[in-house]
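run-v5.cif, holding mmCIF, C-alpha atoms:
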data_entry
#
loop_
_atom_site.label_atom_id
_atom_site.label_comp_id
_atom_site.auth_asym_id
_atom_site.auth_seq_id
_atom_site.Cartn_x
_atom_site.Cartn_y
_atom_site.Cartn_z
CA MET A 7 -202.85 -59.76 -33.72
CA ALA A 8 -203.12 -60.05 -29.93
CA GLY A 9 -206.85 -60.60 -30.45
CA LEU A 10 -206.08 -63.53 -32.74
CA LYS A 11 -204.22 -65.58 -30.10
CA ASP A 12 -205.99 -68.95 -29.68
CA ALA A 13 -209.25 -67.38 -30.87
CA THR A 14 -209.62 -69.86 -33.73
CA ALA A 15 -208.74 -73.47 -34.36
CA ILE A 16 -208.12 -75.89 -37.21
CA VAL A 17 -210.74 -78.60 -36.75
CA GLY A 18 -210.55 -80.53 -40.01
CA ILE A 19 -207.87 -81.59 -42.47
CA GLY A 20 -208.12 -83.48 -45.73
CA GLN A 21 -205.99 -84.52 -48.65
CA THR A 22 -206.01 -86.62 -51.79
CA SER A 23 -203.42 -89.21 -52.60
CA PHE A 24 -200.09 -87.89 -53.89
CA ALA A 25 -198.41 -89.09 -57.06
CA LYS A 26 -196.27 -88.01 -59.97
CA GLN A 27 -199.41 -88.22 -62.08
CA LEU A 28 -203.05 -88.41 -60.98
CA PRO A 29 -205.87 -88.78 -63.52
CA GLU A 30 -208.22 -86.17 -61.99
CA ASP A 31 -208.07 -82.48 -62.89
CA GLU A 32 -207.17 -79.84 -60.30
CA ARG A 33 -210.78 -78.86 -59.57
CA THR A 34 -211.76 -82.44 -58.83
CA LEU A 35 -208.75 -82.86 -56.55
CA ALA A 36 -209.62 -79.61 -54.76
CA CYS A 37 -213.20 -80.75 -54.17
CA ARG A 38 -212.09 -84.09 -52.79
CA ALA A 39 -209.60 -82.52 -50.37
CA VAL A 40 -212.14 -79.94 -49.15
CA LEU A 41 -214.89 -82.51 -48.67
CA ALA A 42 -212.47 -84.75 -46.75
CA ALA A 43 -211.51 -81.84 -44.47
CA LEU A 44 -215.15 -80.95 -43.80
CA ASP A 45 -215.98 -84.57 -43.06
CA ASP A 46 -213.00 -84.73 -40.70
CA ALA A 47 -214.43 -81.71 -38.85
CA GLY A 48 -218.02 -82.94 -38.92
CA ILE A 49 -219.19 -79.77 -40.69
CA SER A 50 -221.52 -79.69 -43.69
CA PRO A 51 -220.47 -77.83 -46.86
CA GLY A 52 -223.46 -75.50 -46.59
CA GLU A 53 -222.00 -73.99 -43.40
CA VAL A 54 -218.83 -72.74 -45.10
CA ASP A 55 -218.83 -68.96 -45.50
CA ALA A 56 -215.12 -68.16 -45.96
CA LEU A 57 -212.39 -69.32 -48.34
CA ALA A 58 -208.68 -68.65 -48.68
CA SER A 59 -206.18 -69.95 -51.20
CA TYR A 60 -203.22 -68.98 -53.34
CA THR A 61 -203.12 -66.59 -56.29
CA MET A 62 -201.58 -69.49 -58.22
CA GLU A 63 -204.61 -71.71 -57.51
CA GLU A 64 -206.32 -72.65 -60.77
CA THR A 65 -209.62 -73.57 -59.10
CA ASP A 66 -211.38 -70.32 -58.20
CA GLU A 67 -213.87 -69.64 -55.41
CA VAL A 68 -216.92 -69.72 -57.68
CA GLU A 69 -216.05 -73.14 -59.13
CA LEU A 70 -215.34 -74.66 -55.74
CA ALA A 71 -218.38 -73.13 -54.04
CA LYS A 72 -220.77 -74.45 -56.69
CA ALA A 73 -219.20 -77.88 -56.96
CA VAL A 74 -219.00 -78.56 -53.21
CA GLY A 75 -222.23 -76.78 -52.23
CA PHE A 76 -221.14 -73.95 -49.97
CA GLY A 77 -223.57 -71.43 -48.54
CA ASP A 78 -223.27 -67.67 -49.00
CA LEU A 79 -219.64 -66.58 -48.76
CA THR A 80 -218.88 -63.47 -46.71
CA PHE A 81 -215.08 -63.63 -46.93
CA PHE A 82 -212.66 -64.87 -49.60
CA SER A 83 -209.01 -64.07 -50.23
CA LYS A 84 -205.96 -65.20 -52.19
CA VAL A 85 -202.33 -64.99 -51.13
CA GLY A 86 -199.42 -64.46 -53.50
CA TYR A 87 -195.93 -65.87 -53.91
CA GLY A 88 -196.54 -69.57 -54.25
CA GLY A 89 -195.05 -71.49 -51.36
CA GLY A 90 -194.84 -68.31 -49.31
CA GLY A 91 -198.61 -68.20 -49.06
CA SER A 92 -199.44 -71.48 -47.34
CA CYS A 93 -199.65 -70.37 -43.70
CA ALA A 94 -201.14 -67.03 -44.71
CA THR A 95 -204.27 -68.74 -46.04
CA VAL A 96 -204.97 -70.01 -42.51
CA ALA A 97 -204.03 -66.64 -41.02
CA HIS A 98 -206.49 -64.83 -43.29
CA LEU A 99 -209.31 -67.16 -42.27
CA ALA A 100 -208.41 -66.92 -38.60
CA THR A 101 -208.42 -63.12 -38.77
CA ALA A 102 -211.76 -63.02 -40.58
CA ILE A 103 -213.39 -65.40 -38.12
CA ALA A 104 -211.96 -63.65 -35.07
CA ALA A 105 -213.29 -60.36 -36.45
CA GLY A 106 -216.78 -61.77 -36.98
CA GLN A 107 -216.60 -61.60 -40.77
CA ALA A 108 -217.20 -65.35 -41.11
CA THR A 109 -217.82 -68.50 -39.08
CA VAL A 110 -216.46 -71.50 -41.02
CA GLY A 111 -213.42 -71.10 -43.25
CA VAL A 112 -211.73 -73.46 -45.69
CA ALA A 113 -208.19 -73.07 -47.02
CA TRP A 114 -206.93 -75.33 -49.78
CA ARG A 115 -204.33 -75.95 -52.44
CA SER A 116 -204.78 -78.17 -55.49
CA ARG A 117 -201.92 -78.69 -57.88
CA LYS A 118 -200.84 -80.85 -60.81
CA ARG A 119 -197.16 -80.04 -60.81
CA GLY A 120 -196.01 -83.62 -61.32
CA SER A 121 -197.85 -84.06 -64.60
CA GLY A 122 -198.32 -80.39 -65.48
CA ALA A 123 -196.14 -77.84 -67.21
CA ARG A 124 -193.24 -76.06 -65.50
CA PRO A 125 -194.02 -72.36 -64.99
CA TRP A 126 -190.62 -71.22 -66.25
CA THR A 127 -191.22 -72.88 -69.65
CA ASP A 128 -193.75 -70.16 -70.54
CA THR A 129 -191.40 -67.91 -72.48
CA ALA A 130 -194.07 -65.23 -72.92
CA ARG A 131 -193.95 -64.60 -69.16
CA GLN A 132 -190.22 -65.00 -68.62
CA LEU A 133 -189.22 -61.37 -68.21
CA PRO A 134 -191.21 -59.35 -65.73
CA THR A 135 -189.09 -56.41 -64.61
CA PRO A 136 -187.17 -58.11 -61.74
CA ALA A 137 -186.41 -61.16 -63.90
CA GLN A 138 -184.68 -59.01 -66.51
CA TRP A 139 -181.76 -58.83 -64.07
CA THR A 140 -181.50 -62.60 -63.56
CA ARG A 141 -182.98 -64.82 -66.27
CA PRO A 142 -180.86 -63.59 -69.20
CA PHE A 143 -177.85 -64.67 -67.14
CA GLY A 144 -179.05 -68.22 -66.50
CA LEU A 145 -181.18 -68.01 -63.35
CA LEU A 146 -184.19 -69.54 -65.07
CA ARG A 147 -185.70 -71.73 -62.35
CA PRO A 148 -186.22 -71.45 -58.59
CA ALA A 149 -183.48 -74.08 -58.22
CA ASP A 150 -181.00 -71.78 -59.97
CA GLU A 151 -181.86 -68.83 -57.75
CA ILE A 152 -181.69 -70.82 -54.51
CA ALA A 153 -178.45 -72.43 -55.68
CA MET A 154 -176.84 -69.00 -55.85
CA LEU A 155 -178.14 -68.13 -52.38
CA THR A 156 -176.88 -71.49 -51.09
CA ARG A 157 -173.41 -70.91 -52.49
CA ARG A 158 -173.28 -67.55 -50.75
CA TYR A 159 -174.36 -69.17 -47.49
CA MET A 160 -171.69 -71.85 -47.78
CA TYR A 161 -169.04 -69.25 -48.51
CA GLU A 162 -170.02 -66.90 -45.69
CA TYR A 163 -170.61 -69.44 -42.91
CA GLY A 164 -168.94 -72.69 -43.85
CA ALA A 165 -172.10 -74.71 -44.37
CA THR A 166 -171.43 -77.93 -46.26
CA ARG A 167 -173.20 -80.51 -48.36
CA ASP A 168 -173.22 -82.76 -45.29
CA HIS A 169 -175.46 -80.20 -43.59
CA LEU A 170 -177.81 -80.21 -46.56
CA PHE A 171 -177.78 -84.01 -46.51
CA ASN A 172 -178.84 -83.95 -42.85
CA VAL A 173 -181.98 -82.07 -43.90
CA ALA A 174 -182.72 -84.40 -46.81
CA LEU A 175 -182.15 -87.47 -44.66
CA ALA A 176 -184.41 -86.33 -41.82
CA CYS A 177 -187.25 -85.68 -44.27
CA ARG A 178 -186.71 -89.00 -46.03
CA ASN A 179 -186.60 -90.91 -42.76
CA ARG A 180 -189.97 -89.50 -41.78
CA ALA A 181 -191.41 -90.23 -45.22
CA ASN A 182 -190.28 -93.83 -44.78
CA GLN A 183 -192.72 -93.97 -41.83
CA ASN A 184 -195.60 -92.38 -43.77
CA PRO A 185 -197.56 -94.64 -46.16
CA ALA A 186 -199.05 -91.55 -47.87
CA ALA A 187 -195.60 -90.21 -48.81
CA ILE A 188 -194.29 -90.60 -52.34
CA MET A 189 -190.94 -91.71 -50.89
CA TYR A 190 -192.49 -94.09 -48.34
CA ASP A 191 -190.57 -97.16 -49.48
CA ARG A 192 -187.41 -95.47 -50.76
CA PRO A 193 -184.64 -94.98 -48.15
CA LEU A 194 -181.87 -92.43 -48.73
CA THR A 195 -178.18 -92.98 -47.99
CA ARG A 196 -175.29 -90.57 -47.85
CA GLU A 197 -173.69 -92.28 -50.86
CA MET A 198 -176.87 -91.87 -52.89
CA TYR A 199 -176.99 -88.20 -51.97
CA MET A 200 -173.33 -87.42 -52.65
CA THR A 201 -173.25 -89.19 -56.01
CA SER A 202 -176.58 -87.93 -57.36
CA ARG A 203 -176.70 -85.61 -60.34
CA TRP A 204 -176.58 -81.86 -60.03
CA ILE A 205 -179.79 -79.92 -60.60
CA SER A 206 -178.13 -76.54 -60.10
CA GLU A 207 -174.80 -76.73 -58.30
CA PRO A 208 -174.42 -76.89 -55.29
CA LEU A 209 -177.96 -78.35 -55.20
CA CYS A 210 -178.17 -81.99 -56.22
CA LEU A 211 -181.21 -84.12 -56.99
CA PHE A 212 -182.04 -84.75 -53.33
CA ASP A 213 -181.78 -81.08 -52.40
CA ASN A 214 -184.85 -80.38 -54.52
CA CYS A 215 -188.50 -81.00 -53.67
CA LEU A 216 -190.70 -83.49 -55.43
CA GLU A 217 -192.94 -82.69 -58.41
CA THR A 218 -196.38 -83.76 -57.27
CA ASP A 219 -200.04 -83.99 -58.20
CA GLY A 220 -202.40 -83.68 -55.23
CA ALA A 221 -204.56 -81.45 -53.07
CA LEU A 222 -204.98 -80.58 -49.40
CA ALA A 223 -207.40 -78.53 -47.32
CA CYS A 224 -208.15 -77.51 -43.76
CA VAL A 225 -211.13 -76.07 -41.88
CA VAL A 226 -210.90 -73.13 -39.46
CA VAL A 227 -213.59 -72.09 -36.94
CA SER A 228 -213.82 -70.06 -33.75
CA ARG A 229 -212.57 -71.43 -30.44
CA GLU A 230 -216.15 -71.72 -29.22
CA ARG A 231 -217.35 -73.60 -32.30
CA ALA A 232 -214.31 -75.89 -32.15
CA ARG A 233 -215.55 -77.45 -28.92
CA ASP A 234 -218.46 -79.01 -30.81
CA CYS A 235 -216.47 -80.40 -33.75
CA ARG A 236 -215.59 -84.01 -34.35
CA ARG A 237 -211.82 -83.75 -33.85
CA THR A 238 -209.55 -82.36 -31.17
CA PRO A 239 -209.03 -78.67 -32.06
CA VAL A 240 -205.58 -77.30 -32.86
CA TYR A 241 -205.42 -73.62 -32.02
CA VAL A 242 -203.92 -70.85 -34.13
CA HIS A 243 -201.78 -69.27 -31.41
CA SER A 244 -199.91 -66.76 -33.57
CA ALA A 245 -199.63 -65.97 -37.27
CA ALA A 246 -197.47 -63.69 -39.38
CA GLN A 247 -196.50 -62.69 -42.89
CA GLY A 248 -193.14 -61.24 -43.88
CA LEU A 249 -191.87 -59.19 -46.80
CA PRO A 250 -188.60 -57.35 -46.00
CA ALA A 251 -187.81 -53.88 -47.31
CA GLN A 252 -186.14 -53.92 -50.74
CA HIS A 253 -186.83 -57.63 -51.13
CA HIS A 254 -186.18 -59.23 -54.53
CA GLY A 255 -187.53 -62.74 -54.56
CA MET A 256 -185.30 -65.73 -54.10
CA VAL A 257 -182.02 -64.05 -54.98
CA ASN A 258 -182.66 -61.14 -52.59
CA TYR A 259 -179.55 -59.26 -53.72
CA TRP A 260 -180.93 -55.76 -53.18
CA ASN A 261 -181.07 -56.28 -49.43
CA GLU A 262 -178.08 -55.17 -47.41
CA ASP A 263 -177.72 -58.82 -46.42
CA PRO A 264 -179.19 -61.35 -48.87
CA LEU A 265 -179.07 -64.11 -46.25
CA THR A 266 -181.61 -62.42 -43.96
CA GLY A 267 -184.71 -63.24 -45.94
CA PRO A 268 -188.45 -62.97 -45.25
CA ALA A 269 -188.28 -65.48 -42.38
CA TRP A 270 -186.59 -62.84 -40.23
CA THR A 271 -189.38 -60.34 -40.83
CA ALA A 272 -192.16 -62.88 -40.24
CA ALA A 273 -190.46 -64.25 -37.13
CA ARG A 274 -190.28 -60.90 -35.36
CA HIS A 275 -194.03 -60.50 -35.67
CA LEU A 276 -194.78 -64.17 -34.93
CA TRP A 277 -192.91 -64.31 -31.63
CA LYS A 278 -194.03 -60.85 -30.53
CA HIS A 279 -197.58 -62.18 -30.21
CA ALA A 280 -196.73 -65.62 -28.77
CA ASP A 281 -196.68 -66.82 -25.17
CA PHE A 282 -193.61 -68.99 -25.77
CA THR A 283 -190.23 -68.89 -27.52
CA PRO A 284 -188.40 -71.00 -30.13
CA GLN A 285 -186.93 -73.09 -27.32
CA ASP A 286 -190.46 -74.18 -26.38
CA VAL A 287 -191.36 -75.55 -29.83
CA ASP A 288 -191.80 -79.33 -29.71
CA VAL A 289 -191.89 -80.00 -33.46
CA ALA A 290 -191.48 -77.91 -36.60
CA GLN A 291 -192.78 -78.17 -40.14
CA ILE A 292 -190.33 -75.95 -42.05
CA TYR A 293 -190.82 -75.25 -45.74
CA ASP A 294 -188.37 -77.37 -47.69
CA ALA A 295 -188.69 -76.81 -51.41
CA PHE A 296 -184.88 -76.91 -51.18
CA THR A 297 -182.74 -78.26 -48.35
CA ALA A 298 -180.86 -74.97 -48.00
CA LEU A 299 -184.04 -73.17 -46.96
CA VAL A 300 -184.12 -75.13 -43.71
CA PRO A 301 -180.88 -73.82 -42.12
CA LEU A 302 -181.78 -70.32 -43.29
CA SER A 303 -185.19 -70.70 -41.64
CA LEU A 304 -183.72 -72.15 -38.44
CA GLU A 305 -181.74 -68.93 -38.10
CA GLY A 306 -184.57 -66.64 -39.14
CA TYR A 307 -187.05 -68.12 -36.67
CA GLY A 308 -184.56 -68.01 -33.82
CA PHE A 309 -183.60 -71.63 -33.20
CA CYS A 310 -179.91 -70.81 -33.53
CA GLY A 311 -177.60 -67.87 -34.11
CA ARG A 312 -176.65 -66.22 -37.36
CA GLY A 313 -174.60 -68.58 -39.53
CA GLU A 314 -175.30 -71.55 -37.23
CA GLY A 315 -178.10 -73.17 -39.22
CA GLY A 316 -175.84 -75.71 -40.88
CA ALA A 317 -174.23 -76.81 -37.63
CA PHE A 318 -177.66 -77.01 -35.99
CA THR A 319 -178.52 -79.98 -38.23
CA GLU A 320 -175.66 -82.10 -36.89
CA GLY A 321 -175.96 -85.02 -34.48
CA GLY A 322 -179.48 -86.03 -35.48
CA ALA A 323 -180.95 -82.71 -34.35
CA LEU A 324 -183.76 -82.87 -36.92
CA GLU A 325 -184.71 -86.48 -36.23
CA ILE A 326 -187.33 -87.75 -33.77
CA GLY A 327 -185.72 -87.37 -30.37
CA GLY A 328 -183.43 -84.58 -31.60
CA ARG A 329 -183.37 -80.90 -30.70
CA LEU A 330 -186.08 -80.03 -33.23
CA PRO A 331 -187.90 -82.90 -34.98
CA LEU A 332 -188.61 -81.66 -38.48
CA ASN A 333 -191.11 -82.24 -41.29
CA THR A 334 -192.47 -85.37 -39.75
CA SER A 335 -194.58 -86.45 -42.74
CA GLY A 336 -191.58 -86.15 -45.09
CA GLY A 337 -192.15 -82.55 -46.17
CA GLY A 338 -191.84 -81.25 -49.70
CA LEU A 339 -188.62 -83.17 -50.17
CA SER A 340 -190.05 -86.64 -49.53
CA GLU A 341 -193.81 -86.66 -48.88
CA ALA A 342 -195.23 -84.37 -51.57
CA TYR A 343 -194.73 -80.85 -52.85
CA VAL A 344 -198.04 -79.00 -52.94
CA HIS A 345 -196.71 -75.51 -52.19
CA GLY A 346 -196.17 -76.39 -48.54
CA PHE A 347 -199.78 -77.08 -47.54
CA ASN A 348 -198.93 -80.60 -46.38
CA LEU A 349 -196.82 -79.02 -43.63
CA ILE A 350 -199.97 -77.41 -42.18
CA ASN A 351 -201.86 -80.70 -42.13
CA GLU A 352 -198.94 -82.50 -40.55
CA GLY A 353 -198.67 -79.85 -37.86
CA VAL A 354 -202.31 -80.55 -37.01
CA ARG A 355 -201.71 -84.32 -36.91
CA GLN A 356 -198.76 -83.87 -34.55
CA LEU A 357 -200.83 -81.91 -32.05
CA ARG A 358 -203.71 -84.36 -32.37
CA GLY A 359 -201.24 -87.17 -31.68
CA THR A 360 -202.00 -88.97 -34.95
CA SER A 361 -198.82 -88.51 -37.00
CA THR A 362 -197.10 -91.53 -38.50
CA ALA A 363 -193.90 -90.17 -36.89
CA GLN A 364 -195.38 -88.84 -33.69
CA VAL A 365 -193.26 -86.65 -31.40
CA PRO A 366 -194.18 -87.73 -27.86
CA ASP A 367 -196.38 -85.22 -26.02
CA ALA A 368 -196.08 -82.60 -28.77
CA ALA A 369 -198.01 -79.50 -27.66
CA THR A 370 -196.50 -76.71 -29.80
CA CYS A 371 -195.68 -76.65 -33.49
CA LEU A 372 -194.14 -74.08 -35.82
CA VAL A 373 -195.26 -74.24 -39.46
CA THR A 374 -193.50 -72.04 -42.02
CA ALA A 375 -194.06 -71.13 -45.63
CA GLY A 376 -191.38 -70.55 -48.26
CA GLU A 377 -188.22 -68.77 -47.20
CA GLY A 378 -186.74 -66.73 -50.06
CA VAL A 379 -190.10 -65.33 -51.13
CA PRO A 380 -192.61 -63.15 -49.24
CA THR A 381 -193.61 -65.66 -46.59
CA SER A 382 -195.88 -66.57 -43.69
CA ALA A 383 -195.83 -68.71 -40.55
CA LEU A 384 -198.08 -70.20 -37.89
CA LEU A 385 -197.66 -71.24 -34.28
CA LEU A 386 -200.08 -74.04 -33.48
CA THR A 387 -200.93 -75.27 -29.98
CA LYS A 388 -203.08 -77.95 -28.36
#

Could I get this file's structure written as structure tokens?
Amino acid sequence: MAGLKDATAIVGIGQTSFAKQLPEDERTLACRAVLAALDDAGISPGEVDALASYTMEETDEVELAKAVGFGDLTFFSKVGYGGGGSCATVAHLATAIAAGQATVGVAWRSRKRGSGARPWTDTARQLPTPAQWTRPFGLLRPADEIAMLTRRYMYEYGATRDHLFNVALACRNRANQNPAAIMYDRPLTREMYMTSRWISEPLCLFDNCLETDGALACVVVSRERARDCRRTPVYVHSAAQGLPAQHHGMVNYWNEDPLTGPAWTAARHLWKHADFTPQDVDVAQIYDAFTALVPLSLEGYGFCGRGEGGAFTEGGALEIGGRLPLNTSGGGLSEAYVHGFNLINEGVRQLRGTSTAQVPDAATCLVTAGEGVPTSALLLTK
């Protein structure tokens, strides 16, 4: 991984509009996002020779390559575990390019979750072996599993719903500055949060991410090639994946400590190969399918001590001007939920200086994938 440091850069980003329901199918949305990212980079589709996406992506490499007009592909990969795979798609491309396996890589995610079916409604797939220990007892959805983890966290360390509200509010405030966000014109108040309906106690409506149709993509090239691209390059400084020993998905109860999830494993590798520390991060895009994942991630990635993630959110710490400005496009909670890929694009915008909620002089950005599942993370630099 030392050979990966700043060897590649993200030079193009693209996305479709986000909505509860879009008329296009997932393949069409994927093509539009990829073409937008290539146009942003000033690179023609025929130059693309590497692809990376998620195992849950419905649009496969062959469909995308034919529809968009790619050249011969010499590298393609898919990453598992839904939201845990976002940053790993970029890491796979960066590794392939740094190793000389490819020259121009595209990562993408296209999803119709707002208008599509919920995965847990497919009863024929409800009981893979691990789920036999949870779903018959009511843990049917990700929200149910994270709710149990959240309750344990509250019990062990005194985290409160006010701490979770701080996360939801910071994301909503940034979405209110972002015209592309689903929640752009919908402010959130503490009263709204505290009186909203439960989704899976102690997680209320505003602790849960949006259900969104949309697609995003980014383009990765070598450091040398990046100098000739249309946009200011954003370098992949460090990358990591993390799957702890004896891990068991979101409930994680086979670990000795269920509150030290995959973020802790990914973080050790991420920082080992970085030239700076958590205290040097100017802005963070932390995966927020649920508000509780943010304090857990703050601890895992080293921004505070064990059990201090809730308290870290106090005093406007996650707002612009705070200790760690967070999810500055609105994140999965208030911009769009497309398995976390929008956090990558927003990290690029921050370091380009083009975010709708720009952190002044931002030069370093942490982007994380889903805590609670096998995960991944990126450190991006100018």

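Nearest to Asn179 (chain A) of all the residues A:Ser340, A:Ser303, A:Gln252, A:Thr34 is A:Ser340, based on all atoms listed in the file.
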
Please determine, counting all atoms listed in the file, which residue among A:Thr297, A:Ser382, A:Met256, A:Gly120 has the shortest atom-to-atom distance to Pro208 (chain A).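 Among A:Thr297, A:Ser382, A:Met256, A:Gly120, it is A:Thr297 that comes nearest to Pro208 (chain A).
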
Which residues of region 264-380 of chain A sit at most 12 Å from region 191-203 of chain A, using all atoms listed in the file? Give each one's shortest atom pair and distance in Å (one decimal place), in chain and ascending residue order, as a tab-separated table.
residue	atom	partner	partner_atom	distance
A:Gly336	CA	A:Pro193	CA	11.6
A:Leu339	CA	A:Leu194	CA	11.5
A:Ser340	CA	A:Arg192	CA	9.3
A:Glu341	CA	A:Asp191	CA	11.0

Give me, please, the distance in Å between CA of Pro268 (chain A) and CA of Gly248 (chain A), quoted to one decimal. 5.2 Å

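CA of Arg237 (chain A) lies 22.2 Å from CA of Gly75 (chain A).
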
Can you spell out as a list in words the set of residues that the PyMOL selection byres ((chain A and resi 348) around 9) selects in the structure I just provided? Gln21, Ala221, Leu222, Ala223, Ser335, Gly337, Gly338, Glu341, Ala342, Tyr343, Val344, His345, Gly346, Phe347, Leu349, Ile350, Asn351, Glu352 and Gly353 of chain A

Residues in the PyMOL selection byres ((chain A and resi 39) around 7), expressed as a PyMOL selection string: chain A and resi 20-22+35-38+40-43+221-223

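The spacing separating CA of Ser83 (chain A) from CA of Ser59 (chain A) amounts to 6.6 Å.
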
Answer key for the PyMOL selection byres ((chain A and resi 324) around 12), residues as a PyMOL selection string: chain A and resi 169-180+288-292+300-301+304+309+315-323+325-334+336+365

When you look at Gln356 (chain A) with a cut-off of 9 Å (counting only C-alpha atoms), what residues show up, excluding the ones that are within fewer than 2 positions of it in the same chain? I need them as a list of chain:residue names. A:Val289, A:Thr334, A:Asn351, A:Glu352, A:Gly353, A:Val354, A:Arg358, A:Gly359, A:Thr360, A:Ser361, A:Thr362, A:Ala363, A:Gln364, A:Val365, A:Pro366, A:Asp367, A:Ala368, A:Ala369, A:Thr370, A:Cys371

Select, from A:Thr238, A:Thr65, A:Ser121, A:Thr14, the residue with the minimum atom-to-atom distance to Arg33 (chain A), counting only C-alpha atoms. A:Thr65

Using only C-alpha atoms, which residues sit within 6 Å of Ala56 (chain A) once same-chain residues fewer than 2 positions away are excluded, as a list in words?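 Everything that qualifies: Val54, Leu79, Phe81, Phe82, Ala108 and Gly111 of chain A.
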
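Considering only C-alpha atoms, the residue among A:Tyr161, A:Tyr190, A:Tyr259, A:Phe212 positioned nearest to Asp294 (chain A) is A:Phe212.
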
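Here the question is which of A:Thr166, A:Thr271, A:Gln27, A:Ser50 gets nearest to Ala251 (chain A) using all atoms listed in the file, and that residue is A:Thr271.
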